[in-house]
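Below is the file structure-v6.pdb, which contains PDB, C-alpha atoms and all ligand atoms.
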ATOM      1  CA  MET A 624    -155.116  19.241  57.230
ATOM      2  CA  ARG A 625    -153.894  22.713  56.254
ATOM      3  CA  GLY A 626    -150.355  23.768  57.217
ATOM      4  CA  ARG A 627    -151.545  26.264  59.787
ATOM      5  CA  ASP A 628    -153.812  23.775  61.555
ATOM      6  CA  MET A 629    -151.084  21.181  61.578
ATOM      7  CA  ASN A 630    -148.685  23.560  63.285
ATOM      8  CA  LEU A 631    -151.265  24.677  65.794
ATOM      9  CA  ASP A 632    -151.799  21.050  66.660
ATOM     10  CA  THR A 633    -148.073  20.558  67.092
ATOM     11  CA  ASN A 634    -148.050  23.415  69.562
ATOM     12  CA  ARG A 635    -151.089  21.941  71.335
ATOM     13  CA  ASP A 636    -149.403  18.572  71.664
ATOM     14  CA  ARG A 637    -146.663  20.309  73.582
ATOM     15  CA  ASP A 638    -149.324  21.881  75.802
ATOM     16  CA  ASN A 639    -147.775  25.086  74.662
ATOM     17  CA  ARG A 640    -150.485  27.570  73.874
ATOM     18  CA  PRO A 641    -149.300  30.758  72.134
ATOM     19  CA  ILE A 642    -149.095  34.340  73.244
ATOM     20  CA  LEU A 643    -151.149  36.337  70.775
ATOM     21  CA  PHE A 644    -149.975  39.833  69.798
ATOM     22  CA  PHE A 645    -152.585  42.012  68.167
ATOM     23  CA  ASP A 646    -152.391  45.273  66.229
ATOM     24  CA  SER A 647    -154.110  46.926  63.281
ATOM     25  CA  GLY A 648    -150.868  46.569  61.312
ATOM     26  CA  ILE A 649    -147.181  45.990  61.927
ATOM     27  CA  GLY A 650    -146.747  48.459  64.802
ATOM     28  CA  GLY A 651    -147.190  45.679  67.363
ATOM     29  CA  LEU A 652    -143.847  44.292  66.223
ATOM     30  CA  SER A 653    -142.222  46.995  68.383
ATOM     31  CA  VAL A 654    -143.692  45.140  71.374
ATOM     32  CA  VAL A 655    -142.824  41.695  69.958
ATOM     33  CA  LYS A 656    -139.176  42.821  69.722
ATOM     34  CA  GLU A 657    -139.052  43.424  73.474
ATOM     35  CA  ALA A 658    -141.146  40.375  74.323
ATOM     36  CA  ARG A 659    -138.744  38.102  72.437
ATOM     37  CA  ILE A 660    -136.061  38.982  74.980
ATOM     38  CA  LEU A 661    -138.203  38.635  78.087
ATOM     39  CA  LEU A 662    -140.570  35.831  77.108
ATOM     40  CA  PRO A 663    -138.853  33.151  75.058
ATOM     41  CA  GLY A 664    -139.976  29.528  74.999
ATOM     42  CA  ARG A 665    -143.625  29.987  74.002
ATOM     43  CA  PRO A 666    -145.048  30.175  70.499
ATOM     44  CA  TYR A 667    -146.163  33.612  69.340
ATOM     45  CA  VAL A 668    -149.046  34.406  67.037
ATOM     46  CA  TYR A 669    -149.039  37.865  65.474
ATOM     47  CA  VAL A 670    -152.406  39.083  64.231
ATOM     48  CA  ALA A 671    -152.746  42.274  62.202
ATOM     49  CA  ASP A 672    -156.244  43.470  61.418
ATOM     50  CA  ASP A 673    -154.829  45.177  58.354
ATOM     51  CA  ALA A 674    -158.128  44.872  56.486
ATOM     52  CA  ALA A 675    -159.292  47.634  58.845
ATOM     53  CA  PHE A 676    -156.065  49.707  58.987
ATOM     54  CA  PRO A 677    -155.836  52.465  60.156
ATOM     55  CA  TYR A 678    -157.776  51.944  63.379
ATOM     56  CA  GLY A 679    -157.169  55.607  64.225
ATOM     57  CA  ALA A 680    -159.731  56.697  61.644
ATOM     58  CA  TRP A 681    -162.593  54.434  62.823
ATOM     59  CA  GLU A 682    -165.739  55.579  64.539
ATOM     60  CA  GLU A 683    -165.779  54.043  68.057
ATOM     61  CA  ALA A 684    -168.972  51.955  68.086
ATOM     62  CA  SER A 685    -168.226  50.203  64.770
ATOM     63  CA  LEU A 686    -164.617  49.466  65.702
ATOM     64  CA  LEU A 687    -165.675  48.053  69.065
ATOM     65  CA  GLU A 688    -168.200  45.787  67.397
ATOM     66  CA  ARG A 689    -165.608  44.643  64.857
ATOM     67  CA  MET A 690    -163.029  43.899  67.539
ATOM     68  CA  VAL A 691    -165.355  41.861  69.765
ATOM     69  CA  ALA A 692    -166.434  39.718  66.789
ATOM     70  CA  LEU A 693    -162.835  39.304  65.608
ATOM     71  CA  PHE A 694    -161.603  38.288  69.065
ATOM     72  CA  ALA A 695    -164.305  35.632  69.362
ATOM     73  CA  GLU A 696    -162.760  34.045  66.246
ATOM     74  CA  LEU A 697    -159.145  34.604  67.245
ATOM     75  CA  ILE A 698    -159.601  33.059  70.684
ATOM     76  CA  ASP A 699    -161.380  30.100  69.196
ATOM     77  CA  THR A 700    -158.738  29.546  66.512
ATOM     78  CA  HIS A 701    -155.536  30.210  68.442
ATOM     79  CA  ARG A 702    -156.493  29.447  72.082
ATOM     80  CA  PRO A 703    -153.938  31.963  73.361
ATOM     81  CA  VAL A 704    -152.505  31.608  76.833
ATOM     82  CA  MET A 705    -152.370  35.418  76.891
ATOM     83  CA  THR A 706    -153.225  38.233  74.478
ATOM     84  CA  VAL A 707    -151.198  41.409  74.193
ATOM     85  CA  ILE A 708    -153.186  44.189  72.555
ATOM     86  CA  ALA A 709    -150.120  45.903  71.101
ATOM     87  CA  CYS A 710    -152.107  48.902  69.928
ATOM     88  CA  ASN A 711    -153.057  52.044  71.866
ATOM     89  CA  THR A 712    -155.964  52.839  69.565
ATOM     90  CA  ALA A 713    -157.485  49.395  70.160
ATOM     91  CA  SER A 714    -156.677  49.164  73.882
ATOM     92  CA  THR A 715    -158.015  52.577  74.862
ATOM     93  CA  LEU A 716    -161.267  51.693  73.137
ATOM     94  CA  ALA A 717    -161.785  48.021  73.795
ATOM     95  CA  ILE A 718    -159.692  46.606  76.637
ATOM     96  CA  HIS A 719    -162.490  46.800  79.258
ATOM     97  CA  ARG A 720    -165.044  45.418  76.819
ATOM     98  CA  LEU A 721    -162.787  42.523  75.767
ATOM     99  CA  ARG A 722    -162.148  41.573  79.409
ATOM    100  CA  GLU A 723    -165.907  41.598  80.005
ATOM    101  CA  ALA A 724    -166.720  39.622  76.844
ATOM    102  CA  PHE A 725    -163.965  37.009  77.368
ATOM    103  CA  PRO A 726    -163.516  36.720  81.136
ATOM    104  CA  ALA A 727    -161.403  33.549  80.933
ATOM    105  CA  GLU A 728    -158.749  35.284  78.818
ATOM    106  CA  ILE A 729    -155.733  37.243  79.977
ATOM    107  CA  PHE A 730    -155.359  40.576  78.172
ATOM    108  CA  VAL A 731    -152.393  42.920  78.396
ATOM    109  CA  GLY A 732    -153.266  46.420  77.180
ATOM    110  CA  THR A 733    -151.181  49.240  75.743
ATOM    111  CA  VAL A 734    -152.168  52.719  76.853
ATOM    112  CA  PRO A 735    -150.450  56.117  76.539
ATOM    113  CA  ALA A 736    -147.579  56.484  79.041
ATOM    114  CA  ILE A 737    -148.995  59.669  80.545
ATOM    115  CA  LYS A 738    -148.188  58.779  84.170
ATOM    116  CA  PRO A 739    -144.434  58.189  83.615
ATOM    117  CA  ALA A 740    -144.280  61.318  81.450
ATOM    118  CA  ALA A 741    -145.864  63.432  84.206
ATOM    119  CA  GLU A 742    -143.417  61.993  86.748
ATOM    120  CA  ARG A 743    -140.386  62.692  84.553
ATOM    121  CA  THR A 744    -141.033  66.096  83.006
ATOM    122  CA  ARG A 745    -139.005  69.003  84.348
ATOM    123  CA  SER A 746    -140.633  71.747  82.280
ATOM    124  CA  GLY A 747    -144.198  70.540  82.938
ATOM    125  CA  LEU A 748    -144.905  70.554  79.183
ATOM    126  CA  VAL A 749    -145.654  67.093  77.833
ATOM    127  CA  SER A 750    -146.994  66.049  74.437
ATOM    128  CA  VAL A 751    -148.814  62.831  73.588
ATOM    129  CA  LEU A 752    -148.363  61.793  69.963
ATOM    130  CA  ALA A 753    -151.046  59.292  68.947
ATOM    131  CA  THR A 754    -153.648  58.412  66.359
ATOM    132  CA  PRO A 755    -156.752  60.618  66.120
ATOM    133  CA  GLY A 756    -158.697  57.741  67.734
ATOM    134  CA  THR A 757    -156.461  57.574  70.827
ATOM    135  CA  VAL A 758    -156.549  61.357  71.186
ATOM    136  CA  ARG A 759    -160.369  61.313  71.187
ATOM    137  CA  ARG A 760    -160.741  58.523  73.766
ATOM    138  CA  GLN A 761    -162.226  59.155  77.171
ATOM    139  CA  TYR A 762    -159.627  56.640  78.451
ATOM    140  CA  THR A 763    -156.823  59.019  77.410
ATOM    141  CA  ARG A 764    -158.563  62.041  78.934
ATOM    142  CA  ASP A 765    -159.015  60.116  82.205
ATOM    143  CA  LEU A 766    -155.292  59.272  82.317
ATOM    144  CA  ILE A 767    -154.469  62.984  82.009
ATOM    145  CA  ARG A 768    -156.983  63.944  84.695
ATOM    146  CA  ASP A 769    -155.764  61.218  87.086
ATOM    147  CA  TYR A 770    -151.998  61.470  86.600
ATOM    148  CA  ALA A 771    -151.018  64.676  84.852
ATOM    149  CA  SER A 772    -153.327  67.406  86.100
ATOM    150  CA  GLN A 773    -150.285  69.434  87.230
ATOM    151  CA  CYS A 774    -148.819  69.381  83.675
ATOM    152  CA  HIS A 775    -149.711  71.061  80.445
ATOM    153  CA  VAL A 776    -150.474  68.083  78.197
ATOM    154  CA  ARG A 777    -150.837  68.628  74.473
ATOM    155  CA  LEU A 778    -152.610  65.829  72.595
ATOM    156  CA  VAL A 779    -151.415  65.531  69.003
ATOM    157  CA  GLY A 780    -153.402  63.206  66.747
ATOM    158  CA  SER A 781    -151.695  62.285  63.480
ATOM    159  CA  GLU A 782    -153.658  60.885  60.577
ATOM    160  CA  THR A 783    -150.603  59.803  58.606
ATOM    161  CA  LEU A 784    -147.747  58.738  60.908
ATOM    162  CA  ALA A 785    -148.875  55.114  61.366
ATOM    163  CA  GLY A 786    -149.058  54.745  57.568
ATOM    164  CA  LEU A 787    -145.632  56.367  57.189
ATOM    165  CA  ALA A 788    -144.240  53.879  59.721
ATOM    166  CA  GLU A 789    -145.779  50.993  57.744
ATOM    167  CA  GLN A 790    -144.169  52.337  54.574
ATOM    168  CA  TYR A 791    -140.810  52.741  56.293
ATOM    169  CA  MET A 792    -140.926  49.182  57.649
ATOM    170  CA  ARG A 793    -141.823  47.715  54.274
ATOM    171  CA  GLU A 794    -139.718  49.839  51.962
ATOM    172  CA  GLY A 795    -136.939  51.161  54.190
ATOM    173  CA  PHE A 796    -137.727  54.688  53.106
ATOM    174  CA  VAL A 797    -139.803  57.495  54.564
ATOM    175  CA  ASP A 798    -140.295  61.152  53.681
ATOM    176  CA  GLU A 799    -138.487  62.883  56.555
ATOM    177  CA  ALA A 800    -140.141  66.224  55.893
ATOM    178  CA  ALA A 801    -143.546  64.549  56.273
ATOM    179  CA  VAL A 802    -142.488  63.050  59.621
ATOM    180  CA  GLY A 803    -141.173  66.461  60.719
ATOM    181  CA  ALA A 804    -144.473  68.134  59.818
ATOM    182  CA  GLU A 805    -146.491  65.561  61.785
ATOM    183  CA  ILE A 806    -144.443  65.900  64.971
ATOM    184  CA  ALA A 807    -144.116  69.721  64.810
ATOM    185  CA  PRO A 808    -147.297  70.421  66.884
ATOM    186  CA  CYS A 809    -145.760  68.427  69.781
ATOM    187  CA  PHE A 810    -143.216  71.177  70.388
ATOM    188  CA  VAL A 811    -144.596  73.912  72.591
ATOM    189  CA  GLU A 812    -142.853  76.964  74.052
ATOM    190  CA  GLN A 813    -144.630  78.736  76.868
ATOM    191  CA  ASP A 814    -143.363  81.328  79.381
ATOM    192  CA  GLY A 815    -139.744  80.438  78.684
ATOM    193  CA  ARG A 816    -140.412  76.695  79.104
ATOM    194  CA  ARG A 817    -140.371  74.054  76.387
ATOM    195  CA  THR A 818    -141.854  70.602  75.887
ATOM    196  CA  ASP A 819    -139.319  68.105  77.211
ATOM    197  CA  ILE A 820    -141.243  64.809  76.789
ATOM    198  CA  VAL A 821    -143.111  63.323  73.858
ATOM    199  CA  VAL A 822    -145.081  60.147  74.576
ATOM    200  CA  LEU A 823    -145.123  57.765  71.605
ATOM    201  CA  ALA A 824    -148.714  56.627  72.132
ATOM    202  CA  CYS A 825    -148.946  54.409  69.055
ATOM    203  CA  THR A 826    -146.962  51.205  68.670
ATOM    204  CA  HIS A 827    -146.053  52.132  65.092
ATOM    205  CA  TYR A 828    -144.126  55.225  66.149
ATOM    206  CA  PRO A 829    -141.014  53.688  67.793
ATOM    207  CA  PHE A 830    -140.002  52.528  64.306
ATOM    208  CA  LEU A 831    -139.787  56.189  63.246
ATOM    209  CA  VAL A 832    -138.137  57.555  66.366
ATOM    210  CA  ASN A 833    -134.755  58.148  64.707
ATOM    211  CA  ARG A 834    -136.444  60.201  61.998
ATOM    212  CA  MET A 835    -138.352  62.063  64.700
ATOM    213  CA  ARG A 836    -135.126  62.854  66.567
ATOM    214  CA  LYS A 837    -133.620  64.125  63.360
ATOM    215  CA  THR A 838    -136.516  66.412  62.462
ATOM    216  CA  ALA A 839    -137.385  67.624  65.986
ATOM    217  CA  PRO A 840    -136.859  71.361  66.593
ATOM    218  CA  TRP A 841    -135.112  70.576  69.916
ATOM    219  CA  PRO A 842    -134.139  67.427  71.835
ATOM    220  CA  VAL A 843    -136.800  65.772  74.004
ATOM    221  CA  ASP A 844    -137.263  62.408  75.745
ATOM    222  CA  TRP A 845    -139.364  60.107  73.563
ATOM    223  CA  ILE A 846    -141.279  57.668  75.776
ATOM    224  CA  ASP A 847    -141.738  54.273  74.175
ATOM    225  CA  THR A 848    -143.808  51.782  76.181
ATOM    226  CA  SER A 849    -142.805  48.591  74.332
ATOM    227  CA  GLU A 850    -140.523  47.306  77.062
ATOM    228  CA  ALA A 851    -142.998  48.140  79.838
ATOM    229  CA  ILE A 852    -145.711  46.167  78.012
ATOM    230  CA  ALA A 853    -143.416  43.186  77.590
ATOM    231  CA  ARG A 854    -142.559  43.401  81.311
ATOM    232  CA  ARG A 855    -146.247  43.427  82.207
ATOM    233  CA  ALA A 856    -146.753  40.318  80.049
ATOM    234  CA  LEU A 857    -143.770  38.707  81.787
ATOM    235  CA  SER A 858    -145.207  39.394  85.234
ATOM    236  CA  LEU A 859    -148.559  37.849  84.239
ATOM    237  CA  ALA A 860    -146.797  34.887  82.624
ATOM    238  CA  ALA A 861    -145.319  34.022  86.025
ATOM    239  CA  ASP A 862    -148.770  32.721  87.059
ATOM    240  CA  LEU A 863    -149.186  30.519  83.976
ATOM    241  CA  PRO A 864    -148.237  26.851  83.716
ATOM    242  CA  PRO A 865    -144.647  26.668  82.440
ATOM    243  CA  PRO A 866    -144.156  26.526  78.658
ATOM    244  CA  GLY A 867    -144.365  22.938  77.483
ATOM    245  CA  GLY A 868    -146.545  21.975  80.443
ATOM    246  CA  GLU A 869    -145.995  21.039  84.100
ATOM    247  CA  GLY A 870    -142.684  19.323  84.717
ATOM    248  CA  VAL A 871    -141.384  19.953  81.186
ATOM    249  CA  PRO A 872    -138.212  22.058  81.096
ATOM    250  CA  PRO A 873    -138.495  25.221  78.968
ATOM    251  CA  SER A 874    -137.513  24.453  75.394
ATOM    252  CA  GLY A 875    -135.679  27.742  74.773
ATOM    253  CA  GLY A 876    -137.648  27.998  71.562
ATOM    254  CA  GLU A 877    -136.575  24.932  69.550
ATOM    255  CA  GLY A 878    -139.357  23.375  67.524
ATOM    256  CA  ILE A 879    -141.699  26.279  68.183
ATOM    257  CA  VAL A 880    -143.501  27.733  65.190
ATOM    258  CA  ASP A 881    -144.459  31.413  65.312
ATOM    259  CA  ARG A 882    -147.297  32.373  62.998
ATOM    260  CA  ALA A 883    -148.558  35.643  61.560
ATOM    261  CA  HIS A 884    -152.082  36.201  60.386
ATOM    262  CA  PHE A 885    -153.248  39.247  58.413
ATOM    263  CA  THR A 886    -156.995  39.744  58.150
ATOM    264  CA  SER A 887    -156.720  41.021  54.571
ATOM    265  CA  GLY A 888    -155.372  37.633  53.447
ATOM    266  CA  THR A 889    -151.879  36.827  52.238
ATOM    267  CA  PRO A 890    -149.678  39.899  52.424
ATOM    268  CA  ALA A 891    -147.349  41.169  49.708
ATOM    269  CA  PRO A 892    -143.773  39.795  49.512
ATOM    270  CA  ALA A 893    -142.185  42.839  51.245
ATOM    271  CA  LEU A 894    -144.417  42.337  54.248
ATOM    272  CA  ARG A 895    -143.798  38.590  54.310
ATOM    273  CA  ARG A 896    -140.060  39.259  54.314
ATOM    274  CA  LEU A 897    -140.440  41.723  57.153
ATOM    275  CA  LEU A 898    -142.464  39.308  59.247
ATOM    276  CA  SER A 899    -140.054  36.505  58.565
ATOM    277  CA  GLY A 900    -137.256  38.786  59.815
ATOM    278  CA  PHE A 901    -139.235  38.961  63.069
ATOM    279  CA  GLY A 902    -139.426  35.159  63.138
ATOM    280  CA  PHE A 903    -142.989  34.671  61.832
ATOM    281  CA  GLN A 904    -144.290  32.337  59.143
ATOM    282  CA  PHE A 905    -147.640  32.638  57.404
TER     283      PHE A 905
HETATM  284  N1  LIG A1001    -150.552  50.770  66.222
HETATM  285  C1  LIG A1001    -151.754  51.464  66.554
HETATM  286  C2  LIG A1001    -151.630  52.135  67.923
HETATM  287  O1  LIG A1001    -150.810  51.768  68.743
HETATM  288  C3  LIG A1001    -152.369  52.445  65.588
HETATM  289  C4  LIG A1001    -152.342  52.362  64.120
HETATM  290  C5  LIG A1001    -153.700  52.627  63.438
HETATM  291  O2  LIG A1001    -154.173  53.774  63.347
HETATM  292  O3  LIG A1001    -154.280  51.648  63.026
HETATM  293  O4  LIG A1001    -152.376  53.032  68.214
END

Show the structure stored in the file as structure tokens.
Amino acid sequence: MRGRDMNLDTNRDRDNRPILFFDSGIGGLSVVKEARILLPGRPYVYVADDAAFPYGAWEEASLLERMVALFAELIDTHRPVMTVIACNTASTLAIHRLREAFPAEIFVGTVPAIKPAAERTRSGLVSVLATPGTVRRQYTRDLIRDYASQCHVRLVGSETLAGLAEQYMREGFVDEAAVGAEIAPCFVEQDGRRTDIVVLACTHYPFLVNRMRKTAPWPVDWIDTSEAIARRALSLAADLPPPGGEGVPPSGGEGIVDRAHFTSGTPAPALRRLLSGFGFQF
């Protein structure tokens, strides 16, 4: 039996099915970080479809097809108790379709925080910083129509920020000027008012927020949804059998093995180190 299968079986013996976190790369770790605090005691599986990174550049029909086929495999292999799609680009495209295709599964989606931004802005000028895919989605346009019609919302699609975040996470270095150039279109001045909120509508971006603060032309609120997603997962977890099974006290995490799976195969040492820092083994 291969190591991975053996560990999955160990988790099964404990009647302790994992929570699966999914992203195109390592951005979903921003959600894992928050979930670790709110949802301990269950195994986590982190899946990065890095063979297809960046999702932001994909044409919609092909990405949808890829995701449905991939999830059929992931559900079969990992039998998750819940799946957190920790990716705006994937959720805004596929969350409805995944719920339809796998009705027995629980999915938590990640979508741009346009409603909270519209409620909080004082100037009425809000920017949504996302991948080109998320910016194009009808889902995103519907959120603006339904919750932010009274605001001026600028959609800013960046082709490079998710990759810069990946580089920063792996190498600890990022070109600040490049980050500054990517966020510059978020800053709008109009009739004496200025953008006061930028929605980080890609799970990679919270890892760059300090660089964004540093290179921003003026201070704004940066809305990061990681904690809200973890809270949503927590509220849905309340209806699940307790970790370890009925009548078994929560383990607090001892003996639980958290696994990462990258669709491109075995990742390079820097990435393995990063994932192990987040508590995952391959
Ligand atoms: N982390 C993904 C998101 O939240 C996007 C990265 C990509 O383009 O693949 O949108």

Check: Just how far from CA of Gly780 (chain A) is CA of Ala753 (chain A), in Å to one decimal?
Finding: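 Value for the CA of Ala753 (chain A)-CA of Gly780 (chain A) distance: 5.1 Å.
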
Next item on the list: In Å, rounded to a single decimal, give me how far CA of Ser781 (chain A) is from CA of Leu697 (chain A).
Entry: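 CA of Ser781 (chain A) lies 28.9 Å from CA of Leu697 (chain A).
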
Margin query: To one decimal place in Å, what is the distance between CA of Thr826 (chain A) and CA of Ile642 (chain A)?
Written below: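 Between these atoms lies a distance of 17.6 Å.
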
Box time for ligand LIG 1001 (chain A): axis-aligned, enclosing all its listed atoms, 5 Å extra on each side; report centre and edge lengths in Å to one decimal, as lines of an AutoDock Vina configuration file.
center_x = -152.4
center_y = 52.3
center_z = 65.9
size_x = 13.7
size_y = 13.0
size_z = 15.7

Notebook entry, point to check: Which residue gives the smallest distance to ligand LIG 1001 (chain A) among A:Thr889, A:Thr715, A:Ser750, A:Gln813, with only C-alpha atoms and all ligand atoms counted?
Noted result: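 Selected residue with least distance to ligand LIG 1001 (chain A): A:Thr715.
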
Residues of chain A that have any atom at most 6 Å from an atom of ligand LIG 1001 (chain A): could you tabulate them with the shortest-distance atom pair and the distance in Å to one decimal, using only C-alpha atoms and all ligand atoms, ordered by chain and increasing number, as JSON lines?
{"residue": "A:Asp646", "atom": "CA", "partner": "A:LIG1001", "partner_atom": "N1", "distance": 5.8}
{"residue": "A:Ser647", "atom": "CA", "partner": "A:LIG1001", "partner_atom": "O3", "distance": 4.7}
{"residue": "A:Gly650", "atom": "CA", "partner": "A:LIG1001", "partner_atom": "N1", "distance": 4.7}
{"residue": "A:Phe676", "atom": "CA", "partner": "A:LIG1001", "partner_atom": "O3", "distance": 4.8}
{"residue": "A:Pro677", "atom": "CA", "partner": "A:LIG1001", "partner_atom": "O3", "distance": 3.4}
{"residue": "A:Tyr678", "atom": "CA", "partner": "A:LIG1001", "partner_atom": "O3", "distance": 3.5}
{"residue": "A:Gly679", "atom": "CA", "partner": "A:LIG1001", "partner_atom": "O2", "distance": 3.6}
{"residue": "A:Cys710", "atom": "CA", "partner": "A:LIG1001", "partner_atom": "O1", "distance": 3.4}
{"residue": "A:Asn711", "atom": "CA", "partner": "A:LIG1001", "partner_atom": "O4", "distance": 3.8}
{"residue": "A:Thr712", "atom": "CA", "partner": "A:LIG1001", "partner_atom": "O4", "distance": 3.8}
{"residue": "A:Thr754", "atom": "CA", "partner": "A:LIG1001", "partner_atom": "O2", "distance": 5.6}
{"residue": "A:Ala785", "atom": "CA", "partner": "A:LIG1001", "partner_atom": "C4", "distance": 5.2}
{"residue": "A:Cys825", "atom": "CA", "partner": "A:LIG1001", "partner_atom": "O1", "distance": 3.2}
{"residue": "A:Thr826", "atom": "CA", "partner": "A:LIG1001", "partner_atom": "O1", "distance": 3.9}
{"residue": "A:His827", "atom": "CA", "partner": "A:LIG1001", "partner_atom": "N1", "distance": 4.8}

Write to file, as a short mmCIF file (atom, residue, chain, number, x, y, z; two decimals), in the coordinates of the input, the residues of the selection just made, with C-alpha atoms.
data_model
loop_
_atom_site.label_atom_id
_atom_site.label_comp_id
_atom_site.auth_asym_id
_atom_site.auth_seq_id
_atom_site.Cartn_x
_atom_site.Cartn_y
_atom_site.Cartn_z
CA ASP A 646 -152.39 45.27 66.23
CA SER A 647 -154.11 46.93 63.28
CA GLY A 650 -146.75 48.46 64.80
CA PHE A 676 -156.06 49.71 58.99
CA PRO A 677 -155.84 52.46 60.16
CA TYR A 678 -157.78 51.94 63.38
CA GLY A 679 -157.17 55.61 64.22
CA CYS A 710 -152.11 48.90 69.93
CA ASN A 711 -153.06 52.04 71.87
CA THR A 712 -155.96 52.84 69.56
CA THR A 754 -153.65 58.41 66.36
CA ALA A 785 -148.88 55.11 61.37
CA CYS A 825 -148.95 54.41 69.06
CA THR A 826 -146.96 51.20 68.67
CA HIS A 827 -146.05 52.13 65.09
#

Margin query: Measuring between only C-alpha atoms, which one of A:Leu894, A:Val811, A:Ala800, A:Ala861 shows the shortest distance to Leu778 (chain A)?
Written below: A:Val811

Check: In file coordinates, which residues lie within 12 Å of (-160.7, 45.7, 76.7) using all atoms listed in the file, given as number ranges by chain?
Finding: A: 687-688, 690-691, 694, 706-726, 728-734, 762

Take the selection from the previous step and output its residues with C-alpha atoms, as a short mmCIF file (atom, residue, chain, number, x, y, z; two decimals), keeping the file's coordinate frame.
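Heads up, here's the output in selection12.cif:
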data_model
loop_
_atom_site.label_atom_id
_atom_site.label_comp_id
_atom_site.auth_asym_id
_atom_site.auth_seq_id
_atom_site.Cartn_x
_atom_site.Cartn_y
_atom_site.Cartn_z
CA LEU A 687 -165.68 48.05 69.06
CA GLU A 688 -168.20 45.79 67.40
CA MET A 690 -163.03 43.90 67.54
CA VAL A 691 -165.36 41.86 69.76
CA PHE A 694 -161.60 38.29 69.06
CA THR A 706 -153.22 38.23 74.48
CA VAL A 707 -151.20 41.41 74.19
CA ILE A 708 -153.19 44.19 72.56
CA ALA A 709 -150.12 45.90 71.10
CA CYS A 710 -152.11 48.90 69.93
CA ASN A 711 -153.06 52.04 71.87
CA THR A 712 -155.96 52.84 69.56
CA ALA A 713 -157.49 49.40 70.16
CA SER A 714 -156.68 49.16 73.88
CA THR A 715 -158.01 52.58 74.86
CA LEU A 716 -161.27 51.69 73.14
CA ALA A 717 -161.78 48.02 73.80
CA ILE A 718 -159.69 46.61 76.64
CA HIS A 719 -162.49 46.80 79.26
CA ARG A 720 -165.04 45.42 76.82
CA LEU A 721 -162.79 42.52 75.77
CA ARG A 722 -162.15 41.57 79.41
CA GLU A 723 -165.91 41.60 80.00
CA ALA A 724 -166.72 39.62 76.84
CA PHE A 725 -163.96 37.01 77.37
CA PRO A 726 -163.52 36.72 81.14
CA GLU A 728 -158.75 35.28 78.82
CA ILE A 729 -155.73 37.24 79.98
CA PHE A 730 -155.36 40.58 78.17
CA VAL A 731 -152.39 42.92 78.40
CA GLY A 732 -153.27 46.42 77.18
CA THR A 733 -151.18 49.24 75.74
CA VAL A 734 -152.17 52.72 76.85
CA TYR A 762 -159.63 56.64 78.45
#

Next item on the list: Find the spatial neighbours of Asp769 (chain A), counting all atoms listed in the file, within a cut-off of 10 Å - ignore same-chain residues fewer than 6 positions away - and output them as a list of chain:residue names.
Entry: A:Ile737, A:Lys738, A:Thr763

Item checked: Result set of the PyMOL selection byres (((chain A and resi 884) around 10) and not hetatm) on the coordinates above, as a PyMOL selection string -> chain A and resi 627+645+668-673+697+882-883+885-890+903-905

Neighbouring residues of Phe830 (chain A) were defined as those with any atom within 9 Å, considering all atoms listed in the file; residues of the same chain fewer than 6 positions away were excluded. Please report them as a PDB file with C-alpha atoms, keeping the file's coordinate frame.
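So the final result, stored in result_31.pdb, reads:
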ATOM      1  CA  GLY A 650    -146.747  48.459  64.802  1.00  0.00           C
ATOM      2  CA  SER A 653    -142.222  46.995  68.383  1.00  0.00           C
ATOM      3  CA  ALA A 788    -144.240  53.879  59.721  1.00  0.00           C
ATOM      4  CA  GLU A 789    -145.779  50.993  57.744  1.00  0.00           C
ATOM      5  CA  TYR A 791    -140.810  52.741  56.293  1.00  0.00           C
ATOM      6  CA  MET A 792    -140.926  49.182  57.649  1.00  0.00           C
TER       7      MET A 792
END

Margin query: Please list, as a count of residues only, the residues that have an atom at most 12 Å away from (-142.1, 48.8, 78.6) in the coordinates of this file, counting only C-alpha atoms.
Written below: 31

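If you measure from each of A:Gln790, A:Gln773, A:Val843, A:Leu748 to Glu812 (chain A) using all atoms listed in the file, the closest one turns out to be A:Leu748.
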
Notebook entry, point to check: Which residues match the PyMOL selection byres (((chain A and resi 880) around 7) and not hetatm) in the file above, as a list of chain:residue names?
Noted result: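 Taken on the displayed file, the PyMOL selection byres (((chain A and resi 880) around 7) and not hetatm) yields the residues A:Asn630, A:Pro666, A:Gly878, A:Ile879, A:Asp881, A:Arg882.
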
Using only C-alpha atoms, which residues of region 708-765 of chain A come within 6 Å of region 819-822 of chain A, and what is the closest atom pair for each, with the distance in Å to one decimal? Give it as a tab-separated table, sorted by chain and residue number.
residue	atom	partner	partner_atom	distance
A:Val749	CA	A:Ile820	CA	5.1
A:Ser750	CA	A:Val821	CA	4.8
A:Val751	CA	A:Val822	CA	4.7
A:Leu752	CA	A:Val822	CA	5.9
